[in-house]
$ cat target-v6.tsv   # TSV, C-alpha atoms and all ligand atoms
chain	number	residue	atom	x	y	z
A	1	MET	CA	0.00	0.00	0.00
A	2	ILE	CA	1.16	3.54	-0.77
A	3	LEU	CA	0.00	6.49	1.29
A	4	ALA	CA	0.76	9.22	-1.23
A	5	ASN	CA	1.36	12.87	-0.34
A	6	ALA	CA	1.64	12.35	3.39
A	7	ARG	CA	2.90	15.06	5.70
A	8	LEU	CA	5.24	13.67	8.35
A	9	PRO	CA	5.42	15.06	11.91
A	10	ASP	CA	8.73	16.77	11.05
A	11	GLY	CA	6.92	18.75	8.32
A	12	LYS	CA	8.45	16.86	5.37
A	13	SER	CA	6.27	15.36	2.63
A	14	ALA	CA	6.56	11.76	1.46
A	15	ASP	CA	4.88	8.84	-0.24
A	16	VAL	CA	4.75	6.20	2.48
A	17	GLU	CA	5.11	2.58	1.46
A	18	ILE	CA	3.43	0.08	3.78
A	19	ALA	CA	4.31	-3.62	3.61
A	20	GLY	CA	4.15	-6.54	6.01
A	21	GLY	CA	2.43	-4.38	8.64
A	22	LEU	CA	5.38	-1.98	8.73
A	23	ILE	CA	6.35	1.34	7.22
A	24	ALA	CA	8.62	-0.16	4.55
A	25	ALA	CA	9.93	2.99	2.87
A	26	LEU	CA	9.54	6.74	2.58
A	27	HIS	CA	9.72	7.98	-1.01
A	28	PRO	CA	9.90	11.57	-2.24
A	29	PRO	CA	6.35	12.65	-3.24
A	30	GLY	CA	5.39	11.25	-6.65
A	31	SER	CA	8.23	8.71	-6.76
A	32	ALA	CA	6.65	5.71	-5.03
A	33	PRO	CA	6.23	2.47	-7.00
A	34	HIS	CA	2.80	2.14	-8.60
A	35	ALA	CA	1.98	-1.44	-7.61
A	36	GLY	CA	-0.69	-2.14	-4.96
A	37	GLU	CA	-3.33	-0.02	-3.29
A	38	ARG	CA	-2.72	3.74	-3.39
A	39	ILE	CA	-4.41	6.26	-1.11
A	40	ASP	CA	-3.80	9.97	-1.71
A	41	LEU	CA	-3.59	11.70	1.68
A	42	ALA	CA	-3.52	15.14	0.00
A	43	GLY	CA	-1.10	16.53	2.57
A	44	GLY	CA	-2.76	14.87	5.56
A	45	LEU	CA	-0.58	14.56	8.67
A	46	LEU	CA	0.59	11.02	9.43
A	47	LEU	CA	0.77	10.39	13.18
A	48	PRO	CA	1.39	7.32	15.32
A	49	ALA	CA	-1.91	5.75	16.37
A	50	LEU	CA	-3.16	6.83	19.79
A	51	VAL	CA	-3.17	4.98	23.11
A	52	ASP	CA	-5.90	5.13	25.73
A	53	GLY	CA	-4.06	4.14	28.87
A	54	HIS	CA	-7.04	3.83	31.19
A	55	ILE	CA	-10.62	2.94	30.37
A	56	HIS	CA	-13.34	0.73	31.84
A	57	LEU	CA	-14.78	-1.41	29.05
A	58	ASP	CA	-17.15	-3.23	31.42
A	59	LYS	CA	-18.57	-0.06	32.97
A	60	THR	CA	-19.26	1.98	29.85
A	61	HIS	CA	-22.84	2.55	28.71
A	62	TRP	CA	-21.58	3.48	25.22
A	63	GLY	CA	-24.12	2.50	22.59
A	64	ALA	CA	-26.94	2.27	25.17
A	65	PRO	CA	-29.35	5.08	26.09
A	66	ARG	CA	-27.82	7.46	28.65
A	67	LEU	CA	-28.79	6.63	32.22
A	68	PRO	CA	-29.47	9.68	34.42
A	69	HIS	CA	-26.47	10.22	36.72
A	70	VAL	CA	-27.05	9.43	40.40
A	71	GLU	CA	-25.78	12.35	42.50
A	72	GLY	CA	-22.78	12.14	44.83
A	73	HIS	CA	-19.05	12.64	44.28
A	74	SER	CA	-17.15	10.47	46.75
A	75	VAL	CA	-15.70	7.11	45.69
A	76	ARG	CA	-18.06	5.36	48.14
A	77	GLU	CA	-21.12	7.19	46.75
A	78	ARG	CA	-20.17	6.30	43.21
A	79	ILE	CA	-19.62	2.63	44.07
A	80	ALA	CA	-23.00	2.52	45.82
A	81	ALA	CA	-24.69	4.08	42.78
A	82	GLU	CA	-22.95	1.65	40.47
A	83	ARG	CA	-23.98	-1.37	42.54
A	84	VAL	CA	-27.60	-0.53	41.64
A	85	GLN	CA	-27.16	0.89	38.15
A	86	ARG	CA	-24.75	-1.69	36.73
A	87	HIS	CA	-27.68	-4.13	36.57
A	88	ARG	CA	-30.00	-1.65	34.84
A	89	VAL	CA	-28.02	-0.87	31.69
A	90	ALA	CA	-30.00	-1.75	28.59
A	91	LEU	CA	-27.30	-3.66	26.70
A	92	PRO	CA	-24.91	-6.45	27.74
A	93	ILE	CA	-21.25	-5.64	28.38
A	94	GLU	CA	-20.15	-7.24	25.10
A	95	ALA	CA	-22.35	-4.86	23.07
A	96	ARG	CA	-21.28	-1.73	24.96
A	97	ALA	CA	-17.58	-2.59	25.08
A	98	SER	CA	-17.70	-3.46	21.40
A	99	ALA	CA	-19.40	-0.15	20.53
A	100	LEU	CA	-16.75	1.75	22.49
A	101	ILE	CA	-13.88	-0.13	20.88
A	102	ARG	CA	-15.20	0.74	17.44
A	103	THR	CA	-15.40	4.39	18.47
A	104	LEU	CA	-11.88	4.29	19.90
A	105	ILE	CA	-10.53	2.79	16.69
A	106	ALA	CA	-12.45	5.27	14.54
A	107	ASN	CA	-10.80	8.01	16.62
A	108	GLY	CA	-7.35	6.61	15.91
A	109	THR	CA	-6.69	4.52	19.04
A	110	THR	CA	-5.26	1.03	18.57
A	111	ARG	CA	-3.94	0.30	22.06
A	112	VAL	CA	-5.80	0.46	25.36
A	113	ARG	CA	-5.54	-0.62	28.98
A	114	SER	CA	-8.91	-1.40	30.52
A	115	HIS	CA	-9.60	-2.00	34.18
A	116	VAL	CA	-12.34	-4.58	34.77
A	117	ASP	CA	-14.36	-4.85	37.99
A	118	ILE	CA	-13.68	-7.91	40.12
A	119	ASP	CA	-15.81	-8.23	43.26
A	120	ASN	CA	-18.33	-10.55	44.89
A	121	ASP	CA	-21.24	-8.87	43.09
A	122	VAL	CA	-20.00	-9.59	39.55
A	123	GLY	CA	-17.37	-12.26	40.20
A	124	LEU	CA	-15.46	-12.88	36.97
A	125	ASP	CA	-18.50	-12.18	34.73
A	126	ASN	CA	-17.31	-8.74	33.59
A	127	LEU	CA	-13.81	-10.03	32.90
A	128	GLU	CA	-15.10	-12.95	30.84
A	129	ALA	CA	-17.35	-10.63	28.80
A	130	VAL	CA	-14.52	-8.17	28.12
A	131	MET	CA	-12.18	-11.05	27.24
A	132	ARG	CA	-14.67	-12.21	24.59
A	133	VAL	CA	-14.62	-8.71	23.13
A	134	ARG	CA	-10.82	-8.56	23.29
A	135	GLU	CA	-10.65	-11.78	21.33
A	136	ALA	CA	-13.09	-10.51	18.69
A	137	TYR	CA	-10.99	-7.38	18.05
A	138	ARG	CA	-7.56	-8.91	18.58
A	139	GLU	CA	-6.41	-8.09	15.04
A	140	TRP	CA	-7.43	-4.45	15.38
A	141	ILE	CA	-6.56	-3.25	18.84
A	142	ASP	CA	-4.26	-4.28	21.70
A	143	ILE	CA	-6.23	-4.54	24.94
A	144	GLN	CA	-4.52	-5.00	28.31
A	145	LEU	CA	-6.86	-5.98	31.14
A	146	VAL	CA	-6.39	-5.05	34.80
A	147	ALA	CA	-8.16	-7.12	37.47
A	148	PHE	CA	-9.67	-4.17	39.34
A	149	PRO	CA	-10.92	-4.66	42.92
A	150	GLN	CA	-13.67	-2.03	42.68
A	151	SER	CA	-15.12	-3.00	46.07
A	152	GLY	CA	-11.79	-3.11	47.89
A	153	VAL	CA	-9.15	-5.72	48.62
A	154	THR	CA	-9.10	-6.24	52.40
A	155	THR	CA	-12.66	-4.99	53.06
A	156	GLU	CA	-14.21	-7.22	50.37
A	157	LYS	CA	-14.34	-10.76	51.70
A	158	GLY	CA	-12.59	-13.18	49.37
A	159	ALA	CA	-11.23	-10.45	47.07
A	160	PRO	CA	-7.63	-11.78	47.04
A	161	ASP	CA	-8.84	-15.21	45.84
A	162	LEU	CA	-11.11	-13.62	43.23
A	163	LEU	CA	-8.23	-11.48	41.96
A	164	ALA	CA	-6.05	-14.59	41.73
A	165	SER	CA	-8.81	-16.33	39.75
A	166	ALA	CA	-8.98	-13.31	37.44
A	167	MET	CA	-5.26	-13.60	36.77
A	168	THR	CA	-5.59	-17.29	36.03
A	169	ALA	CA	-8.54	-16.52	33.73
A	170	GLY	CA	-6.51	-14.11	31.61
A	171	ALA	CA	-6.15	-10.67	33.21
A	172	ASP	CA	-2.80	-9.03	32.44
A	173	LEU	CA	-2.27	-6.88	35.54
A	174	ILE	CA	-3.29	-6.61	39.18
A	175	GLY	CA	-5.24	-3.52	40.18
A	176	GLY	CA	-5.78	-1.75	43.49
A	177	LEU	CA	-8.01	0.92	44.98
A	178	ASP	CA	-7.18	3.60	47.54
A	179	PRO	CA	-5.40	1.43	50.14
A	180	ALA	CA	-5.91	4.15	52.78
A	181	GLY	CA	-9.11	5.87	51.66
A	182	PHE	CA	-11.09	2.76	50.83
A	183	ASP	CA	-9.67	-0.23	52.70
A	184	ASN	CA	-8.15	1.89	55.48
A	185	ASP	CA	-5.33	-0.67	55.45
A	186	VAL	CA	-2.40	0.48	53.34
A	187	LYS	CA	-0.10	-2.36	54.35
A	188	GLY	CA	-2.83	-4.98	54.06
A	189	GLN	CA	-3.89	-4.01	50.54
A	190	LEU	CA	-0.41	-3.36	49.14
A	191	ASP	CA	0.94	-6.62	50.61
A	192	ILE	CA	-1.78	-8.54	48.78
A	193	VAL	CA	-1.45	-6.62	45.50
A	194	PHE	CA	2.33	-6.98	45.32
A	195	ARG	CA	2.19	-10.63	46.41
A	196	LEU	CA	-0.29	-11.42	43.61
A	197	ALA	CA	1.87	-9.55	41.09
A	198	GLU	CA	4.88	-11.58	42.15
A	199	ARG	CA	2.97	-14.86	42.13
A	200	PHE	CA	1.68	-14.34	38.57
A	201	GLY	CA	4.69	-12.42	37.26
A	202	LYS	CA	2.47	-9.52	36.18
A	203	GLY	CA	2.48	-5.73	36.50
A	204	ILE	CA	0.40	-3.51	38.78
A	205	ASP	CA	-1.93	-0.56	38.10
A	206	ILE	CA	-3.51	1.03	41.20
A	207	HIS	CA	-6.38	3.55	41.28
A	208	LEU	CA	-5.28	6.16	43.83
A	209	HIS	CA	-7.73	8.99	44.49
A	210	ASP	CA	-6.39	9.56	48.03
A	211	GLY	CA	-5.19	13.15	48.21
A	212	GLY	CA	-2.78	15.28	50.23
A	213	GLU	CA	-0.08	13.84	52.47
A	214	THR	CA	-1.89	10.50	52.81
A	215	GLY	CA	-1.87	9.96	49.04
A	216	ALA	CA	1.73	11.16	48.77
A	217	ALA	CA	2.83	8.70	51.47
A	218	GLU	CA	1.06	5.88	49.62
A	219	LEU	CA	2.87	6.86	46.41
A	220	ARG	CA	6.24	6.66	48.16
A	221	ASP	CA	5.24	3.34	49.74
A	222	ILE	CA	4.29	1.95	46.31
A	223	ALA	CA	7.61	3.22	44.89
A	224	GLU	CA	9.61	1.50	47.65
A	225	ARG	CA	7.71	-1.72	47.14
A	226	ALA	CA	8.27	-1.57	43.37
A	227	ILE	CA	12.03	-1.39	43.94
A	228	ALA	CA	11.98	-4.12	46.60
A	229	ALA	CA	10.02	-6.40	44.24
A	230	GLY	CA	12.30	-5.64	41.28
A	231	MET	CA	9.26	-4.24	39.44
A	232	GLN	CA	10.76	-0.98	38.18
A	233	GLY	CA	8.92	0.05	35.00
A	234	ARG	CA	6.03	-2.33	35.67
A	235	VAL	CA	3.97	-0.38	38.19
A	236	VAL	CA	1.47	2.35	37.33
A	237	VAL	CA	-0.53	4.58	39.64
A	238	SER	CA	-3.69	5.89	38.01
A	239	HIS	CA	-4.98	9.36	38.99
A	240	ALA	CA	-2.53	10.08	41.85
A	241	PHE	CA	-4.58	13.18	42.67
A	242	ALA	CA	-2.26	13.79	45.65
A	243	LEU	CA	0.41	15.05	43.24
A	244	GLY	CA	-1.90	17.94	42.35
A	245	GLY	CA	-2.49	19.04	45.92
A	246	ILE	CA	0.74	18.98	47.96
A	247	GLY	CA	3.50	21.54	48.65
A	248	ALA	CA	6.58	21.89	46.45
A	249	ASN	CA	8.99	20.04	48.76
A	250	LEU	CA	6.75	17.04	49.31
A	251	PHE	CA	5.98	17.01	45.58
A	252	ALA	CA	9.70	16.89	44.72
A	253	GLU	CA	10.39	14.15	47.27
A	254	THR	CA	7.44	12.06	46.04
A	255	ALA	CA	8.17	12.58	42.34
A	256	ASP	CA	11.83	11.62	42.85
A	257	ALA	CA	10.76	8.43	44.62
A	258	LEU	CA	8.45	7.56	41.68
A	259	ALA	CA	11.20	8.30	39.15
A	260	ARG	CA	13.73	6.11	41.00
A	261	ALA	CA	11.23	3.25	41.09
A	262	GLY	CA	10.09	3.67	37.48
A	263	VAL	CA	6.49	4.04	38.67
A	264	ALA	CA	4.46	5.75	35.92
A	265	ILE	CA	1.48	8.03	36.49
A	266	MET	CA	-1.73	7.92	34.47
A	267	THR	CA	-3.82	11.07	34.31
A	268	SER	CA	-7.28	11.49	32.81
A	269	CYS	CA	-7.16	15.09	34.03
A	270	PRO	CA	-10.76	15.45	35.17
A	271	PRO	CA	-11.53	19.19	35.34
A	272	SER	CA	-13.32	18.60	38.66
A	273	ALA	CA	-10.34	17.24	40.67
A	274	PRO	CA	-6.77	18.19	41.64
A	275	VAL	CA	-4.55	16.42	39.10
A	276	PRO	CA	-0.85	15.59	38.65
A	277	PRO	CA	1.09	18.23	36.67
A	278	PRO	CA	2.63	16.34	33.71
A	279	ALA	CA	5.40	18.82	32.85
A	280	LYS	CA	6.69	19.06	36.44
A	281	LEU	CA	6.65	15.27	36.81
A	282	ARG	CA	8.44	14.79	33.51
A	283	GLU	CA	11.12	17.30	34.61
A	284	ARG	CA	11.82	15.04	37.58
A	285	GLY	CA	12.00	11.94	35.39
A	286	VAL	CA	8.53	10.47	35.99
A	287	THR	CA	6.74	8.87	33.03
A	288	VAL	CA	3.25	10.33	32.68
A	289	PHE	CA	0.61	9.19	30.22
A	290	ALA	CA	-3.07	9.75	29.54
A	291	GLY	CA	-6.32	7.84	29.58
A	292	SER	CA	-10.01	8.61	29.27
A	293	ASP	CA	-11.05	6.79	32.45
A	294	ASN	CA	-14.84	6.72	32.66
A	295	ILE	CA	-16.66	7.09	29.37
A	296	ARG	CA	-20.38	7.56	29.91
A	297	ASP	CA	-20.92	5.26	32.87
A	298	CYS	CA	-22.06	5.34	36.49
A	299	TRP	CA	-19.02	7.45	37.39
A	300	SER	CA	-19.28	10.13	34.74
A	301	PRO	CA	-21.76	11.07	32.03
A	302	TYR	CA	-18.84	12.56	30.05
A	303	GLY	CA	-16.09	11.10	27.89
A	304	ASN	CA	-15.98	10.37	24.17
A	305	GLY	CA	-13.10	7.96	23.58
A	306	ASP	CA	-11.10	10.56	21.67
A	307	MET	CA	-7.49	10.78	22.82
A	308	LEU	CA	-6.73	13.92	20.78
A	309	ASP	CA	-9.53	15.50	22.80
A	310	ARG	CA	-7.93	14.17	25.99
A	311	ALA	CA	-4.54	15.66	25.00
A	312	ALA	CA	-6.25	19.03	24.49
A	313	ILE	CA	-8.07	18.81	27.85
A	314	ILE	CA	-4.75	18.11	29.59
A	315	ALA	CA	-2.94	20.85	27.68
A	316	GLU	CA	-5.58	23.45	28.48
A	317	ARG	CA	-5.81	22.50	32.18
A	318	HIS	CA	-2.03	22.79	32.60
A	319	ALA	CA	-1.57	25.85	30.37
A	320	LEU	CA	0.52	23.93	27.84
A	321	PHE	CA	0.18	26.41	25.00
A	322	ALA	CA	3.52	26.59	23.12
A	323	ASP	CA	3.97	24.16	20.21
A	324	ARG	CA	6.66	22.27	22.14
A	325	GLU	CA	4.26	21.90	25.08
A	326	LEU	CA	1.41	20.76	22.83
A	327	GLU	CA	3.76	18.11	21.41
A	328	ASP	CA	4.44	16.97	24.99
A	329	ALA	CA	0.68	16.74	25.59
A	330	PHE	CA	0.34	14.64	22.44
A	331	ALA	CA	3.15	12.36	23.67
A	332	LEU	CA	1.03	11.53	26.74
A	333	THR	CA	-1.37	9.78	24.35
A	334	THR	CA	1.31	8.13	22.17
A	335	THR	CA	4.99	7.54	22.97
A	336	GLU	CA	4.82	8.04	26.76
A	337	ALA	CA	1.76	5.78	26.97
A	338	ASP	CA	3.43	3.08	24.88
A	339	LYS	CA	6.47	3.30	27.17
A	340	ALA	CA	4.44	3.14	30.39
A	341	LEU	CA	2.28	0.23	29.20
A	342	GLY	CA	5.25	-1.72	27.86
A	343	PHE	CA	4.24	-1.65	24.19
A	344	PRO	CA	6.85	-1.41	21.43
A	345	LEU	CA	7.17	2.22	20.32
A	346	ARG	CA	5.58	3.37	17.07
A	347	GLU	CA	7.18	6.22	15.21
A	348	PRO	CA	6.14	7.03	11.65
A	349	CYS	CA	9.57	6.12	10.31
A	350	VAL	CA	11.02	3.33	8.16
A	351	GLY	CA	10.73	0.02	10.03
A	352	GLY	CA	8.05	1.38	12.34
A	353	ILE	CA	4.82	-0.53	13.01
A	354	ALA	CA	2.16	0.77	10.59
A	355	ASP	CA	-0.35	1.73	13.27
A	356	VAL	CA	-1.04	5.28	12.12
A	357	VAL	CA	-3.75	7.89	12.13
A	358	VAL	CA	-4.06	10.57	9.45
A	359	VAL	CA	-5.58	13.97	10.19
A	360	PRO	CA	-6.03	17.16	8.16
A	361	ALA	CA	-3.51	19.22	10.15
A	362	ALA	CA	-0.19	20.94	9.48
A	363	SER	CA	1.53	19.88	12.70
A	364	ILE	CA	1.11	17.95	15.94
A	365	ALA	CA	0.36	21.24	17.73
A	366	ASP	CA	-2.41	21.96	15.22
A	367	ALA	CA	-3.81	18.44	15.68
A	368	VAL	CA	-4.02	18.88	19.47
A	369	VAL	CA	-5.61	22.33	19.29
A	370	ASP	CA	-8.00	21.62	16.40
A	371	ARG	CA	-8.84	17.99	17.18
A	372	PRO	CA	-9.57	17.43	13.49
A	373	PRO	CA	-11.61	14.48	12.18
A	374	ARG	CA	-9.65	11.28	11.60
A	375	ALA	CA	-9.30	10.70	7.86
A	376	LEU	CA	-7.69	7.25	8.03
A	377	VAL	CA	-6.57	4.76	10.67
A	378	LEU	CA	-4.25	1.87	9.87
A	379	ARG	CA	-3.65	-1.06	12.19
A	380	ALA	CA	-0.56	-3.06	11.25
A	381	GLY	CA	-0.92	-1.70	7.72
A	382	ARG	CA	-4.60	-2.59	7.29
A	383	ILE	CA	-7.42	-0.03	7.09
A	384	ALA	CA	-9.16	-0.02	10.47
A	385	ALA	CA	-11.23	3.13	9.95
A	386	GLU	CA	-11.87	5.75	7.30
A	387	ARG	CA	-13.43	9.20	7.69
A	388	GLY	CA	-14.30	8.52	11.32
A	389	VAL	CA	-16.04	5.19	10.73
A	390	ALA	CA	-14.68	1.77	11.72
A	391	SER	CA	-14.00	-0.48	8.73
A	392	ALA	CA	-16.56	-3.13	7.74
A	393	ALA	CA	-13.76	-5.67	8.31
A	394	LEU	CA	-14.22	-5.17	12.07
A	395	LYS	CA	-16.88	-7.71	12.83
A	396	GLU	CA	-19.56	-6.96	15.42
A	397	VAL	CA	-19.45	-9.08	18.55
A	398	VAL	CA	-22.54	-11.27	18.63
A	399	VAL	CA	-23.85	-11.95	22.12
A	400	ALA	CA	-25.31	-15.40	22.54
B	501	ZN	ZN	-10.56	4.18	36.45
$ encode --input "target-v6.tsv" --output "structure tokens"
Amino acid sequence: MILANARLPDGKSADVEIAGGLIAALHPPGSAPHAGERIDLAGGLLLPALVDGHIHLDKTHWGAPRLPHVEGHSVRERIAAERVQRHRVALPIEARASALIRTLIANGTTRVRSHVDIDNDVGLDNLEAVMRVREAYREWIDIQLVAFPQSGVTTEKGAPDLLASAMTAGADLIGGLDPAGFDNDVKGQLDIVFRLAERFGKGIDIHLHDGGETGAAELRDIAERAIAAGMQGRVVVSHAFALGGIGANLFAETADALARAGVAIMTSCPPSAPVPPPAKLRERGVTVFAGSDNIRDCWSPYGNGDMLDRAAIIAERHALFADRELEDAFALTTTEADKALGFPLREPCVGGIADVVVVPAASIADAVVDRPPRALVLRAGRIAAERGVASAALKEVVVA
């Protein structure tokens, strides 16, 4: 396949030859060989495909009628609301997760990490449903699954055994939830989470909403444990709101501990919460990446599965306005996310994996600010979406 008249991120123009799922060659415009399929990009900007580093495929109501949001902001209030509402959603998980995946792909995302609820209420049902969807879209999108103890680890009877069963069933990582704020047992929860990670040889991704000095102490605890377990580069803390609400000295101390331990931070940058500052963390050597988190579910009626949108939300919240800063915001949804999630990097260069998204934009900075429609999405060199619509080759998941 030839993608003719492409604009590369460095501003140069090229005819891009795709073969064997890779970017095989870059030819001067008009000089590419004429064999095979040829798509004229008419100056469209060729970017690496996007990564959504944190979603909840089992929670989303995407594709189903919107359920009115139950009021209440605390984690406990949201869990209580979800306990009731999760059984009232009109469509099964497979249909909703499938609808969201098609939207993600149409928006240029071909790699995601999804947390999946594991508790006594749903058992492994949600995980099994999402695993069926993962299998159906395996050719089109990489999906990592985190066994997420949404109802706690030490306060939910039997949770450690359920989490172990989830790992045996096919989850890729162990999750956690506010060891202090939810379980009120930091040592108890983290002992179990790290022990499970060690037992299964898998990484960790912990939801940490706990703020202030409590949250900061938990971050340093997690960092120390990551080093002790030899898990540098394999532990993520999602949200880490504490990093957005502590003084400069404690911030520096905590960030340095995270950097030493190779613990990465995921931010969805909700406008309604204190959030980690990506530029300041990066300065101190911490890997930061982005995710949507809740997309139209019991936790939030917002979200659209568009990672260019997410990059813009993060950039605006943190006053990242210069082109260089907008490129950094874009990296949170591409290279930094690939690095944090352990995926091979994808640069639009010769030999690179042909997972690309094409947008009508002159530069990465323009793409973040304008959030233009996605003209074309390739997954390993095959057309996954065109003009914002998932390809017919992506088969719907049929629920028995
Ligand atoms: Zn989440």
$ closest_residue --input "target-v6.tsv" --among "A:Ala380, A:Ala367, A:Ala264, A:Val146" --to "ligand ZN 501 (chain B)" --atoms "all atoms listed in the file"
A:Val146
$ closest_atom_pairs --input "target-v6.tsv" --of "chain A" --to "ligand ZN 501 (chain B)" --cutoff "8 Å" --atoms "only C-alpha atoms and all ligand atoms" --output "JSON lines"
{"residue": "A:His54", "atom": "CA", "partner": "B:ZN501", "partner_atom": "ZN", "distance": 6.3}
{"residue": "A:Ile55", "atom": "CA", "partner": "B:ZN501", "partner_atom": "ZN", "distance": 6.2}
{"residue": "A:His56", "atom": "CA", "partner": "B:ZN501", "partner_atom": "ZN", "distance": 6.4}
{"residue": "A:His115", "atom": "CA", "partner": "B:ZN501", "partner_atom": "ZN", "distance": 6.7}
{"residue": "A:His207", "atom": "CA", "partner": "B:ZN501", "partner_atom": "ZN", "distance": 6.4}
{"residue": "A:Ser238", "atom": "CA", "partner": "B:ZN501", "partner_atom": "ZN", "distance": 7.2}
{"residue": "A:Asp293", "atom": "CA", "partner": "B:ZN501", "partner_atom": "ZN", "distance": 4.8}
{"residue": "A:Asn294", "atom": "CA", "partner": "B:ZN501", "partner_atom": "ZN", "distance": 6.3}
$ residues_around --input "target-v6.tsv" --residues "A:His27" --least-positions-apart "5" --cutoff "10 Å" --atoms "only C-alpha atoms" --output "list in words"
Ile2, Ala4, Asn5, Ser13, Ala14, Asp15, Val16, Glu17, Ala32 and Pro33 of chain A
$ residues_near_point --input "target-v6.tsv" --point "(-5.4, 23.8, 28.2)" --cutoff "12 Å" --atoms "all atoms listed in the file" --output "compact mmCIF listing (two decimals) with C-alpha atoms, in the coordinates of the input"
# COMPACT_ATOMS: atom_id res chain seq x y z
CA CYS A 269 -7.16 15.09 34.03
CA PRO A 271 -11.53 19.19 35.34
CA ASP A 309 -9.53 15.50 22.80
CA ARG A 310 -7.93 14.17 25.99
CA ALA A 311 -4.54 15.66 25.00
CA ALA A 312 -6.25 19.03 24.49
CA ILE A 313 -8.07 18.81 27.85
CA ILE A 314 -4.75 18.11 29.59
CA ALA A 315 -2.94 20.85 27.68
CA GLU A 316 -5.58 23.45 28.48
CA ARG A 317 -5.81 22.50 32.18
CA HIS A 318 -2.03 22.79 32.60
CA ALA A 319 -1.57 25.85 30.37
CA LEU A 320 0.52 23.93 27.84
CA PHE A 321 0.18 26.41 25.00
CA ALA A 322 3.52 26.59 23.12
CA GLU A 325 4.26 21.90 25.08
CA LEU A 326 1.41 20.76 22.83
CA ALA A 329 0.68 16.74 25.59
CA VAL A 368 -4.02 18.88 19.47
CA VAL A 369 -5.61 22.33 19.29
$ closest_residue --input "target-v6.tsv" --among "A:Phe194, A:Ala216, A:Leu208, A:Thr267" --to "A:Phe182" --atoms "all atoms listed in the file"
A:Leu208
$ closest_residue --input "target-v6.tsv" --among "A:Ile265, A:Ala169, A:Ala385, A:Ile79" --to "A:His239" --atoms "all atoms listed in the file"
A:Ile265
$ residues_around --input "target-v6.tsv" --residues "stretch 282-284 of chain A" --least-positions-apart "2" --cutoff "7 Å" --atoms "all atoms listed in the file" --output "PyMOL selection string"
chain A and resi 255-256+259+278-280+286-288
$ closest_residue --input "target-v6.tsv" --among "A:Gly21, A:Val130, A:Leu45, A:Lys12" --to "A:Ala362" --atoms "all atoms listed in the file"
A:Leu45
$ closest_residue --input "target-v6.tsv" --among "A:Gly285, A:Gly72, A:Pro48, A:Gly381" --to "A:Arg346" --atoms "only C-alpha atoms"
A:Pro48
$ atom_distance --input "target-v6.tsv" --atom1 "atom CA of A:Ala80" --atom2 "atom CA of A:Ala217"
27.2 Å
